[in-house]
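Have a look at entry.cif below; it lists mmCIF, C-alpha atoms.
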data_my_file
#
loop_
_atom_site.group_PDB
_atom_site.id
_atom_site.type_symbol
_atom_site.label_atom_id
_atom_site.label_comp_id
_atom_site.auth_asym_id
_atom_site.auth_seq_id
_atom_site.Cartn_x
_atom_site.Cartn_y
_atom_site.Cartn_z
ATOM 1 C CA MET I 751 23.736 8.250 75.142
ATOM 2 C CA GLY I 752 23.428 4.912 73.432
ATOM 3 C CA ASN I 753 23.969 3.828 69.871
ATOM 4 C CA HIS I 754 20.241 4.223 69.084
ATOM 5 C CA ASP I 755 19.962 7.755 70.528
ATOM 6 C CA ALA I 756 19.995 9.747 67.320
ATOM 7 C CA GLU I 757 18.446 13.023 68.466
ATOM 8 C CA ASN I 758 20.565 16.052 69.310
ATOM 9 C CA GLU I 759 21.448 16.733 72.949
ATOM 10 C CA LYS I 760 18.893 19.550 73.244
ATOM 11 C CA TYR I 761 16.103 17.057 72.574
ATOM 12 C CA TYR I 762 17.059 14.882 75.565
ATOM 13 C CA TYR I 763 17.290 17.884 77.898
ATOM 14 C CA GLU I 764 13.815 18.934 76.739
ATOM 15 C CA CYS I 765 12.618 15.391 77.579
ATOM 16 C CA GLY I 766 13.717 15.944 81.175
ATOM 17 C CA PHE I 767 17.240 14.545 81.392
ATOM 18 C CA SER I 768 19.434 16.578 83.729
ATOM 19 C CA GLY I 769 22.652 15.352 82.126
ATOM 20 C CA ILE I 770 23.690 13.377 79.060
ATOM 21 C CA SER I 771 26.966 12.334 77.472
ATOM 22 C CA ARG I 772 28.029 10.595 74.292
ATOM 23 C CA TYR I 773 31.191 9.432 76.088
ATOM 24 C CA PRO I 774 31.946 7.500 79.295
ATOM 25 C CA VAL I 775 31.684 9.564 82.468
ATOM 26 C CA ILE I 776 33.759 9.045 85.629
ATOM 27 C CA TYR I 777 31.586 9.422 88.716
ATOM 28 C CA GLU I 778 32.926 9.724 92.282
ATOM 29 C CA ASN I 779 36.479 9.082 90.978
ATOM 30 C CA PHE I 780 35.717 5.349 90.723
ATOM 31 C CA TRP I 781 32.679 4.560 88.560
ATOM 32 C CA ILE I 782 32.976 4.681 84.777
ATOM 33 C CA ILE I 783 29.407 4.995 83.534
ATOM 34 C CA SER I 784 29.117 4.149 79.843
ATOM 35 C CA HIS I 785 26.736 2.805 77.267
ATOM 36 C CA GLU I 786 29.165 0.193 75.911
ATOM 37 C CA PRO I 787 31.428 -1.813 78.244
ATOM 38 C CA VAL I 788 34.834 -0.280 78.938
ATOM 39 C CA TYR I 789 37.829 -2.493 79.677
ATOM 40 C CA VAL I 790 38.759 -2.401 83.354
ATOM 41 C CA ASN I 791 40.610 -4.949 85.481
ATOM 42 C CA ILE I 792 41.298 -5.564 89.156
ATOM 43 C CA ASN I 793 44.518 -3.507 88.999
ATOM 44 C CA MET I 794 42.713 -0.380 87.844
ATOM 45 C CA PRO I 795 41.127 2.148 90.227
ATOM 46 C CA TYR I 796 37.773 2.021 88.394
ATOM 47 C CA ALA I 797 34.636 -0.064 87.988
ATOM 48 C CA ASN I 798 32.380 0.129 84.925
ATOM 49 C CA ILE I 799 28.584 0.335 84.868
ATOM 50 C CA PHE I 800 27.321 -0.302 81.342
ATOM 51 C CA GLY I 801 24.432 -1.485 79.194
ATOM 52 C CA HIS I 802 24.425 -2.128 75.432
ATOM 53 C CA VAL I 803 25.156 -5.874 75.481
ATOM 54 C CA HIS I 804 21.575 -7.038 76.132
ATOM 55 C CA ARG I 805 21.675 -10.866 76.527
ATOM 56 C CA ASN I 806 25.091 -11.415 74.908
ATOM 57 C CA PRO I 807 26.648 -14.296 76.914
ATOM 58 C CA ILE I 808 30.196 -12.981 76.414
ATOM 59 C CA TYR I 809 29.575 -10.395 79.148
ATOM 60 C CA THR I 810 28.880 -11.298 82.770
ATOM 61 C CA ASP I 811 26.171 -9.610 84.809
ATOM 62 C CA PHE I 812 28.757 -8.308 87.246
ATOM 63 C CA SER I 813 32.355 -8.878 88.280
ATOM 64 C CA GLU I 814 34.903 -7.265 90.567
ATOM 65 C CA ARG I 815 35.076 -4.279 88.228
ATOM 66 C CA SER I 816 31.879 -4.203 86.169
ATOM 67 C CA PHE I 817 28.101 -4.245 86.427
ATOM 68 C CA CYS I 818 25.816 -4.708 83.416
ATOM 69 C CA ILE I 819 22.538 -2.825 83.621
ATOM 70 C CA SER I 820 21.125 -3.944 80.269
ATOM 71 C CA ALA I 821 17.362 -3.998 80.723
ATOM 72 C CA GLU I 822 17.138 -7.699 79.827
ATOM 73 C CA ARG I 823 19.650 -8.566 82.563
ATOM 74 C CA ILE I 824 17.860 -6.682 85.342
ATOM 75 C CA ASN I 825 14.335 -7.857 84.409
ATOM 76 C CA TYR I 826 13.467 -4.344 83.174
ATOM 77 C CA ILE I 827 13.440 -3.120 86.793
ATOM 78 C CA PRO I 828 15.716 -0.220 87.761
ATOM 79 C CA VAL I 829 18.537 -1.081 90.162
ATOM 80 C CA GLU I 830 19.437 1.322 92.964
ATOM 81 C CA PHE I 831 22.994 2.628 92.745
ATOM 82 C CA SER I 832 23.511 1.466 96.340
ATOM 83 C CA GLU I 833 22.787 -2.130 95.210
ATOM 84 C CA ILE I 834 25.359 -1.880 92.417
ATOM 85 C CA LYS I 835 27.930 -0.584 94.909
ATOM 86 C CA LYS I 836 27.084 -3.444 97.288
ATOM 87 C CA CYS I 837 27.485 -6.109 94.560
ATOM 88 C CA ILE I 838 30.866 -4.749 93.473
ATOM 89 C CA GLN I 839 32.053 -4.381 97.064
ATOM 90 C CA GLU I 840 31.008 -7.916 98.012
ATOM 91 C CA LYS I 841 32.669 -9.359 94.900
ATOM 92 C CA ASN I 842 35.913 -7.529 95.767
ATOM 93 C CA ASN I 843 35.872 -8.789 99.371
ATOM 94 C CA LYS I 844 35.885 -12.475 98.321
#
Translate the structure of the given file into C-alpha coordinates.
Amino acid sequence: MGNHDAENEKYYYECGFSGISRYPVIYENFWIISHEPVYVNINMPYANIFGHVHRNPIYTDFSERSFCISAERINYIPVEFSEIKKCIQEKNNK
(Lines of atoms letter the chains of each structure in order from A and count residues from 1; the text may use other names and numbers.)
(Lines give C-alpha, C1' and ligand atoms only; values in the text may rest on other atoms or scores of the structure.)
Protein backbone atom coordinates (compact mmCIF):
# COMPACT_ATOMS: atom_id res chain seq x y z
CA MET A 1 0.00 0.00 0.00
CA GLY A 2 1.18 3.50 -0.71
CA ASN A 3 1.08 6.67 1.31
CA HIS A 4 -2.18 7.76 -0.39
CA ASP A 5 -4.00 4.44 0.21
CA ALA A 6 -6.17 5.44 3.14
CA GLU A 7 -8.87 2.77 2.99
CA ASN A 8 -8.80 -0.28 5.24
CA GLU A 9 -7.38 -3.54 3.88
CA LYS A 10 -10.83 -5.08 3.41
CA TYR A 11 -11.66 -2.36 0.88
CA TYR A 12 -8.72 -3.29 -1.37
CA TYR A 13 -9.56 -7.00 -1.25
CA GLU A 14 -13.14 -6.13 -2.25
CA CYS A 15 -11.68 -4.14 -5.19
CA GLY A 16 -10.04 -7.33 -6.44
CA PHE A 17 -6.52 -7.30 -5.00
CA SER A 18 -5.33 -10.79 -4.09
CA GLY A 19 -2.73 -9.50 -1.64
CA ILE A 20 -1.78 -6.20 -0.03
CA SER A 21 0.76 -5.05 2.53
CA ARG A 22 1.55 -1.83 4.35
CA TYR A 23 5.16 -3.02 4.70
CA PRO A 24 7.88 -4.22 2.30
CA VAL A 25 7.49 -7.82 1.15
CA ILE A 26 10.35 -10.19 0.28
CA TYR A 27 9.50 -12.21 -2.81
CA GLU A 28 11.46 -15.26 -4.01
CA ASN A 29 14.07 -14.64 -1.26
CA PHE A 30 15.61 -11.83 -3.34
CA TRP A 31 13.11 -9.12 -4.31
CA ILE A 32 12.05 -6.53 -1.74
CA ILE A 33 8.81 -5.09 -3.09
CA SER A 34 7.91 -1.81 -1.41
CA HIS A 35 6.10 1.43 -1.96
CA GLU A 36 9.01 3.63 -0.82
CA PRO A 37 12.62 2.80 -1.76
CA VAL A 38 14.48 0.57 0.69
CA TYR A 39 18.24 0.87 1.10
CA VAL A 40 20.05 -2.04 -0.53
CA ASN A 41 23.61 -2.28 -1.86
CA ILE A 42 25.65 -4.67 -3.97
CA ASN A 43 26.80 -6.59 -0.87
CA MET A 44 23.25 -7.44 0.17
CA PRO A 45 21.35 -10.49 -1.11
CA TYR A 46 18.34 -8.39 -2.17
CA ALA A 47 17.10 -6.06 -4.89
CA ASN A 48 14.32 -3.50 -4.35
CA ILE A 49 11.36 -2.80 -6.62
CA PHE A 50 9.66 0.42 -5.56
CA GLY A 51 7.52 3.36 -6.62
CA HIS A 52 6.69 6.50 -4.62
CA VAL A 53 9.44 8.78 -5.95
CA HIS A 54 7.66 9.83 -9.16
CA ARG A 55 10.11 12.05 -11.14
CA ASN A 56 12.45 12.87 -8.24
CA PRO A 57 15.94 13.00 -9.84
CA ILE A 58 17.65 11.75 -6.66
CA TYR A 59 16.55 8.20 -7.52
CA THR A 60 17.72 6.33 -10.61
CA ASP A 61 15.37 4.31 -12.79
CA PHE A 62 17.31 1.15 -12.04
CA SER A 63 20.66 0.03 -10.66
CA GLU A 64 22.34 -3.22 -9.69
CA ARG A 65 19.97 -3.54 -6.74
CA SER A 66 16.89 -1.44 -7.47
CA PHE A 67 14.18 -0.80 -10.04
CA CYS A 68 11.79 2.15 -9.85
CA ILE A 69 8.31 1.45 -11.17
CA SER A 70 6.84 4.90 -10.54
CA ALA A 71 4.21 5.40 -13.22
CA GLU A 72 5.93 8.53 -14.55
CA ARG A 73 9.18 6.61 -15.05
CA ILE A 74 7.64 3.73 -17.01
CA ASN A 75 5.40 5.92 -19.22
CA TYR A 76 2.30 4.67 -17.36
CA ILE A 77 2.72 1.26 -19.03
CA PRO A 78 3.03 -1.83 -16.82
CA VAL A 79 6.40 -3.58 -16.91
CA GLU A 80 6.56 -7.38 -16.93
CA PHE A 81 8.37 -8.83 -13.93
CA SER A 82 10.59 -10.76 -16.35
CA GLU A 83 11.80 -7.42 -17.81
CA ILE A 84 12.67 -6.11 -14.35
CA LYS A 85 14.62 -9.30 -13.64
CA LYS A 86 16.43 -8.95 -16.98
CA CYS A 87 17.42 -5.31 -16.30
CA ILE A 88 18.79 -6.13 -12.85
CA GLN A 89 20.61 -9.21 -14.13
CA GLU A 90 22.20 -7.34 -17.04
CA LYS A 91 23.29 -4.49 -14.75
CA ASN A 92 24.91 -7.01 -12.37
CA ASN A 93 26.77 -8.77 -15.20
CA LYS A 94 28.60 -5.58 -16.28
Nearest to Asn779 in chain I, chosen from I:Ser813, I:Asn758, I:Asn842, I:Asn798, with only C-alpha atoms counted in the distances: I:Asn798
Near-Ile783 in chain I list (10 Å; all atoms listed in the file; drop same-chain fewer than 2 positions) as a VMD selection string: chain I and resid 771 773 to 777 780 to 781 785 to 788 797 to 801 816 to 817
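Excluding Glu833 in chain I itself and any same-chain residue fewer than 5 positions from it, the protein and nucleic acid residues within 12 Å of it, counting all atoms listed in the file, are Phe812, Phe817, Ile819, Ile824, Pro828, Ile838, Gln839 and Glu840 of chain I.
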Proximity to His802 in chain I - best of I:Tyr789, I:Arg823, I:Glu757, I:Glu814, all atoms listed in the file: I:Arg823
d(CA of Ala756 in chain I, CA of Ile834 in chain I) in Å: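 CA of Ile834 in chain I lies 28.2 Å from CA of Ala756 in chain I.
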Nearest candidate to Asn753 in chain I (options I:Glu830, I:Asn793, I:Val803, I:Phe767; using only C-alpha atoms): I:Val803
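Between CA of Tyr796 in chain I and CA of Tyr809 in chain I lies a distance of 17.5 Å.
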Need the axis-aligned box for range 790-795 of chain I with 8 Å each side, so what are the centre and edges in Å to one decimal, as AutoDock Vina command-line options?
--center_x 41.6 --center_y -1.7 --center_z 86.8 --size_x 21.8 --size_y 23.7 --size_z 22.9
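Interatomic distance, CA of Ile792 in chain I to CA of Arg772 in chain I: 25.7 Å.
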Among the residues I:Arg805, I:Ile782, I:Thr810, I:Lys835, the one that comes closest to Glu822 in chain I [using only C-alpha atoms]: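 Nearest candidate to Glu822 in chain I out of I:Arg805, I:Ile782, I:Thr810, I:Lys835: I:Arg805.
Closest approach to Cys818 in chain I from the set I:Gly766, I:Lys841, I:Ser784, I:Lys836 is made by I:Ser784, with distances taken over only C-alpha atoms.
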